[in-house]
Amino acid sequence: MRDNLLMLACLCGGVALGAADAVPAVLLRPELSVAALGLLVFQVGLGLGSRGDLRGLLRAFRWPMLLLPAFTVASTLLAAGAVWLLLGAGPLRDGLAVASGMGYYSLSSVIIVHENAAACGAAAAARLGAVALLANVVRELVALFGCAFFTRRGGSGAAIAVAGVTSMDVCLPAIMRAAPGPAFLPVALVHGILLEAAVPVLVTAFCH
């Protein structure tokens with residue numbers, strides 16, 4: 001939760017400084033967001049490659065494990081698209097781009113801002129990026145505090161699906177405490193890893 005609050009504080013601080021025109025022009029250059037995006041994508045690859053348990057996960061991998069992340073993506077996009085249209089919040093692709101963050105609020109919001117800045121302007125892109133940040137932060141918080149509830153109602157697979165990307169890190173301890181046994185550990189890790197790799201692809205695809 002501390003990291004989530006820190007991200008929200010950074011967002012609010014950036015909005016306040018931008019509104020007050022209190023930052024040097026060099027910090028507003030689009031090249032900075034491109035560099036930040038590249039570093040975040042590099043960090044995704046670095047995190048996947050440096051996992052100490054990666055070899056064990058590969059040995060424990062079974063093809064049916066792919067079904068859960070596939071259903072997570074499909075159900076997230078269907079539900080988010082329906083709600084977005086119901087609210088009349090704008091083009092459907094914007095809602096799907098926001099939902100494609102799968103709980104990875106830092107990377108998804110940066111990609112959305114970067115990809116939409118040229119098409120709809122920096123201000124509109126920043127607003128959509130803020131929506132993506134808040135939506136994915138809320139998803140992580142709901143998953144973190146609701147793991148026991150989702151497990152009771154739909155089994156450990158439901159808690160893993162709600163957690164999205166964070167099933168492999170932030171929400172993993174809560175998922176394992178609520179799970180009936182250790183068998184769901186590789187499922188949660190594989191689920192999070194695959195979604196983490198899919199987020200940049202999905203978000204970028206819906207931004208075009």
# chains A, B, ... in the order shown; residues from 1 in each chain; ligands from 1

call {"tool": "residues_around", "arguments": {"residues": "A:Asn136", "least_positions_apart": "5", "cutoff": "12 Å", "atoms": "only C-alpha atoms", "output": "MDAnalysis selection string"}}
result
chainID A and resid 4 7:8 76 80 97:109 129:131 141:143 162:166 199

call {"tool": "write_last_selection", "arguments": {"atoms": "N, CA and C atoms", "output": "CSV table (one decimal), in the first residue's frame"}}
result
chain,number,residue,atom,x,y,z
A,4,ASN,N,1.7,2.3,-3.5
A,4,ASN,CA,0.5,2.9,-4.1
A,4,ASN,C,0.3,4.3,-3.7
A,7,MET,N,2.9,6.5,-5.3
A,7,MET,CA,2.6,6.8,-6.7
A,7,MET,C,1.5,7.9,-6.8
A,8,LEU,N,0.5,7.8,-6.0
A,8,LEU,CA,-0.6,8.8,-6.0
A,8,LEU,C,-0.1,10.1,-5.6
A,76,THR,N,-11.4,-9.2,-18.2
A,76,THR,CA,-11.1,-7.8,-17.9
A,76,THR,C,-11.5,-6.9,-19.0
A,80,ALA,N,-14.5,-4.2,-18.6
A,80,ALA,CA,-14.2,-2.8,-18.7
A,80,ALA,C,-14.8,-2.1,-19.9
A,97,ALA,N,-7.6,0.3,-23.4
A,97,ALA,CA,-6.2,0.6,-23.1
A,97,ALA,C,-6.0,0.7,-21.6
A,98,VAL,N,-6.9,1.4,-20.9
A,98,VAL,CA,-6.9,1.6,-19.4
A,98,VAL,C,-6.9,0.2,-18.8
A,99,ALA,N,-7.9,-0.6,-19.2
A,99,ALA,CA,-8.1,-2.0,-18.6
A,99,ALA,C,-6.9,-2.9,-18.9
A,100,SER,N,-6.2,-2.7,-19.9
A,100,SER,CA,-5.1,-3.6,-20.3
A,100,SER,C,-3.9,-3.4,-19.4
A,101,GLY,N,-3.9,-2.5,-18.5
A,101,GLY,CA,-2.9,-2.4,-17.5
A,101,GLY,C,-2.8,-3.6,-16.6
A,102,MET,N,-3.9,-4.3,-16.3
A,102,MET,CA,-4.0,-5.5,-15.5
A,102,MET,C,-3.3,-5.3,-14.2
A,103,GLY,N,-3.4,-4.1,-13.6
A,103,GLY,CA,-2.8,-3.9,-12.3
A,103,GLY,C,-1.4,-3.3,-12.3
A,104,TYR,N,-0.8,-3.2,-13.5
A,104,TYR,CA,0.5,-2.7,-13.7
A,104,TYR,C,0.4,-1.2,-14.0
A,105,TYR,N,0.1,-0.4,-12.9
A,105,TYR,CA,-0.2,1.0,-13.1
A,105,TYR,C,0.9,1.9,-13.6
A,106,SER,N,2.1,1.6,-13.1
A,106,SER,CA,3.2,2.5,-13.5
A,106,SER,C,3.5,2.4,-15.0
A,107,LEU,N,3.7,1.2,-15.5
A,107,LEU,CA,4.0,1.0,-17.0
A,107,LEU,C,2.8,1.4,-17.9
A,108,SER,N,1.6,0.9,-17.5
A,108,SER,CA,0.5,1.2,-18.4
A,108,SER,C,0.2,2.7,-18.6
A,109,SER,N,0.3,3.4,-17.5
A,109,SER,CA,0.0,4.8,-17.6
A,109,SER,C,1.0,5.6,-18.4
A,129,GLY,N,-4.0,8.9,-18.9
A,129,GLY,CA,-2.9,8.2,-18.1
A,129,GLY,C,-3.3,8.2,-16.7
A,130,ALA,N,-3.8,9.3,-16.2
A,130,ALA,CA,-4.2,9.4,-14.8
A,130,ALA,C,-5.3,8.4,-14.4
A,131,VAL,N,-6.3,8.3,-15.4
A,131,VAL,CA,-7.4,7.3,-15.2
A,131,VAL,C,-6.8,5.9,-15.1
A,141,LEU,N,-5.4,-2.7,-5.0
A,141,LEU,CA,-5.9,-2.6,-3.6
A,141,LEU,C,-7.0,-3.6,-3.4
A,142,VAL,N,-8.0,-3.7,-4.3
A,142,VAL,CA,-9.1,-4.6,-4.2
A,142,VAL,C,-8.6,-6.0,-4.1
A,143,ALA,N,-7.6,-6.4,-4.9
A,143,ALA,CA,-7.1,-7.7,-4.9
A,143,ALA,C,-6.3,-8.0,-3.6
A,162,VAL,N,-8.1,-11.7,-10.2
A,162,VAL,CA,-8.4,-10.3,-9.8
A,162,VAL,C,-7.1,-9.6,-9.6
A,163,ALA,N,-6.1,-10.3,-9.1
A,163,ALA,CA,-4.8,-9.6,-8.8
A,163,ALA,C,-4.0,-9.2,-10.1
A,164,GLY,N,-4.3,-9.9,-11.2
A,164,GLY,CA,-3.7,-9.5,-12.4
A,164,GLY,C,-2.2,-9.7,-12.3
A,165,VAL,N,-1.4,-8.7,-12.8
A,165,VAL,CA,0.1,-8.8,-12.8
A,165,VAL,C,0.6,-9.0,-11.4
A,166,THR,N,-0.1,-8.4,-10.4
A,166,THR,CA,0.4,-8.5,-9.0
A,166,THR,C,0.3,-9.8,-8.3
A,199,VAL,N,1.2,-6.8,-21.0
A,199,VAL,CA,0.7,-5.5,-20.7
A,199,VAL,C,1.2,-4.5,-21.8

call {"tool": "residues_around", "arguments": {"residues": "stretch 60-75 of chain A", "least_positions_apart": "5", "cutoff": "12 Å", "atoms": "only C-alpha atoms", "output": "PyMOL selection string"}}
result
chain A and resi 53-55+80-82+96-97+99-103+156-165+167+183-199+202-203

call {"tool": "closest_residue", "arguments": {"among": "A:Ala22, A:Val201, A:Ile175, A:Ala125", "to": "A:Phe149", "atoms": "only C-alpha atoms"}}
result
A:Ile175

call {"tool": "closest_residue", "arguments": {"among": "A:Ala126, A:Cys147, A:Cys207, A:Ala9", "to": "A:Pro91", "atoms": "only C-alpha atoms"}}
result
A:Cys207

call {"tool": "closest_residue", "arguments": {"among": "A:Gly88, A:Leu39, A:Arg139, A:Ile111", "to": "A:Pro200", "atoms": "only C-alpha atoms"}}
result
A:Ile111

call {"tool": "atom_distance", "arguments": {"atom1": "atom CA of A:Leu92", "atom2": "atom CA of A:Ala132"}}
result
13.8 Å

call {"tool": "select_by_dssp", "arguments": {"residues": "stretch 86-148 of chain A", "states": "alpha helix (DSSP H)", "output": "PyMOL selection string"}}
result
chain A and resi 86-87+92-99+105-120+122-148
